[in-house]
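*Asks:* First, the structure itself, so that you have it in front of you.
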Amino acid sequence: MVFHTTPSHASKYLFRQLFEKDSSTYTYLLADVSHPQKHAVLIDPVDKTVDRDLSLIHNLGLKLIYAVNTHVHADHVTGTGMLKSKVSGVISVISKASNAKADLLVESGDRIVVGDLVLEVLPTPGHTVGCVTYVTGDGPDQPQPRIAFTGDALLIRGCGRTDFQGGSSAELYKSVHSQIFSLPEETLVYPAHDYKGFTVSTVGEEKQYNPRLTKDKETFKSIMENLNLAYPKMIDVAVPANMVCGLQDPVPTTH
Ligand SMILES: N[C@@H](CCC(=O)N[C@@H](CSS)C(=O)NCC(=O)O)C(=O)O
């Protein structure tokens, strides 16, 4: 149990931060363990680590309901399609704005409900057109402080690049400031990647120390135009696959 919850909720929700080392991707497992069936959600699963994640879910006695993506990833294939093929009833989720296929296409203000746990959808385009942040609800029965799963919009002391998939530095600046930096300062920030060894931050910390997003908009745009990053190695495979959630409607295996 890692949530910094009030004592009354300390044993209600389960949270795990999982890592896929080849793409430095974080996957998050959340569950309402007070729910009779222990409903669970995976955020940003990776194909290579689906078996690890399912083994954990099995060990913990959880029932996976949702496999959720923050966006169409360019550096790895999502595990969403594999999860659907291995666990019946799993609902794949991505934003409507991503133009990708999934069972549930979410947009601003939508809520994903997992037991009593609520994930609210905040539109945070800029790294890609369809990026969203999922933030836990602010009701009294929700984790305290709130938790924001920012995908690649906001990384710890960084942010997602804006040079492909409809990326826009001006849009990303607006998204982070209006949607994420407006959350309570103590809100925990859990990104989709980390390349520096960080695991978690807070909105207040990023508002103070993020070396890109603390700058004015024009300086930010200039920083983003001069990152000179190589394209992700898997982009040509990952983007088309992730437009169908890895494998949206898998053909059942016959033996
Ligand atoms: N070397 C990796 C890709 C690294 C990279 O470009 N990361 C993206 C997020 S995944 S599309 C990014 O936005 N990075 C921002 C930054 O400042 O590093 C690979 O080849 O896969």
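Here, A, B, ... name the chains of the structure tokens in the order displayed, residue numbers run from 1 inside each chain, and ligands are numbered from 1 in the same displayed order.
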Could you give me, as a VMD selection string, every polymer residue with an atom at most 6 Å away from an atom of ligand 1, counting only C-alpha atoms and all ligand atoms?

*Replies:* chain A and resid 23 73 to 75 158 to 161 232 to 233

*Asks:* For Thr49 in chain A, find every residue with an atom within 9 Å (counting only C-alpha atoms), except residues of its own chain fewer than 5 positions away, and show them as number ranges by chain.

*Replies:* A: 19-20, 54, 79

*Asks:* Counting only C-alpha atoms, figure out which residue out of A:Lys174, A:Gly166, A:Val189, A:His76 gets nearest to Asp216 in chain A.

*Replies:*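 Nearest to Asp216 in chain A: A:Lys174.
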
*Asks:* Tell me which of A:Ile94, A:Ile65, A:Thr124, A:Asp141 sits closest to Tyr13 in chain A, counting only C-alpha atoms.

*Replies:*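 Between A:Ile94, A:Ile65, A:Thr124, A:Asp141, the residue approaching Tyr13 in chain A most closely is A:Asp141.
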
*Asks:* Taking only C-alpha atoms into account, which of A:Thr202, A:Val77, A:Leu155, A:Pro145 comes nearest Ile235 in chain A?

*Replies:*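 Among A:Thr202, A:Val77, A:Leu155, A:Pro145, it is A:Val77 that comes nearest to Ile235 in chain A.
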
*Asks:* Work out how far apart CA of Ile43 in chain A and CA of Thr70 in chain A are and give it in Å to one decimal.

*Replies:*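 Value for the CA of Ile43 in chain A-CA of Thr70 in chain A distance: 7.4 Å.
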
*Asks:* With a distance cut-off of 10 Å and only C-alpha atoms, select the neighbouring residues of Gly167 in chain A, excluding the residue or stretch itself and same-chain residues fewer than 6 positions from it, and output the selection as a compact mmCIF listing (two decimals) with C-alpha atoms, in the first residue's frame.

*Replies:*
# COMPACT_ATOMS: atom_id res chain seq x y z
CA PRO A 125 -2.74 17.40 -25.58
CA GLY A 126 0.64 18.61 -26.78
CA HIS A 127 2.91 15.54 -26.66
CA THR A 128 0.28 13.95 -28.92
CA VAL A 129 -3.12 15.29 -29.97
CA GLY A 130 -4.98 12.74 -27.89
CA CYS A 131 -3.03 12.78 -24.60
CA GLY A 160 6.96 14.79 -23.37
CA ARG A 161 8.53 15.79 -26.64

*Asks:* Between A:Gln17, A:Ser178, A:Gln142, A:Asn226, single out the one closest to Asp163 in chain A, counting only C-alpha atoms.

*Replies:*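 Smallest distance to Asp163 in chain A is found for A:Asn226.
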
*Asks:* Could you give me the residues within range 12-232 of chain A that DSSP places in alpha helix (DSSP H), as JSON, numbers by chain?

*Replies:* {"A": [50, 51, 52, 53, 54, 55, 56, 57, 58, 59, 80, 81, 82, 83, 84, 85, 86, 169, 170, 171, 172, 173, 174, 175, 203, 204, 205, 206, 207, 208, 209, 217, 218, 219, 220, 221, 222, 223, 224, 225]}

*Asks:* Out of A:Ser169, A:Thr199, A:Thr219, A:Thr150, which residue has the shortest atom-to-atom distance to Glu120 in chain A when counting only C-alpha atoms?

*Replies:*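 Smallest distance to Glu120 in chain A is found for A:Thr150.
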
*Asks:* Pick from A:Ser168, A:Ser201, A:Ile156, A:Gln208: nearest to Glu225 in chain A, with only C-alpha atoms counted?

*Replies:*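 Closest to Glu225 in chain A, using only C-alpha atoms: A:Ser168.
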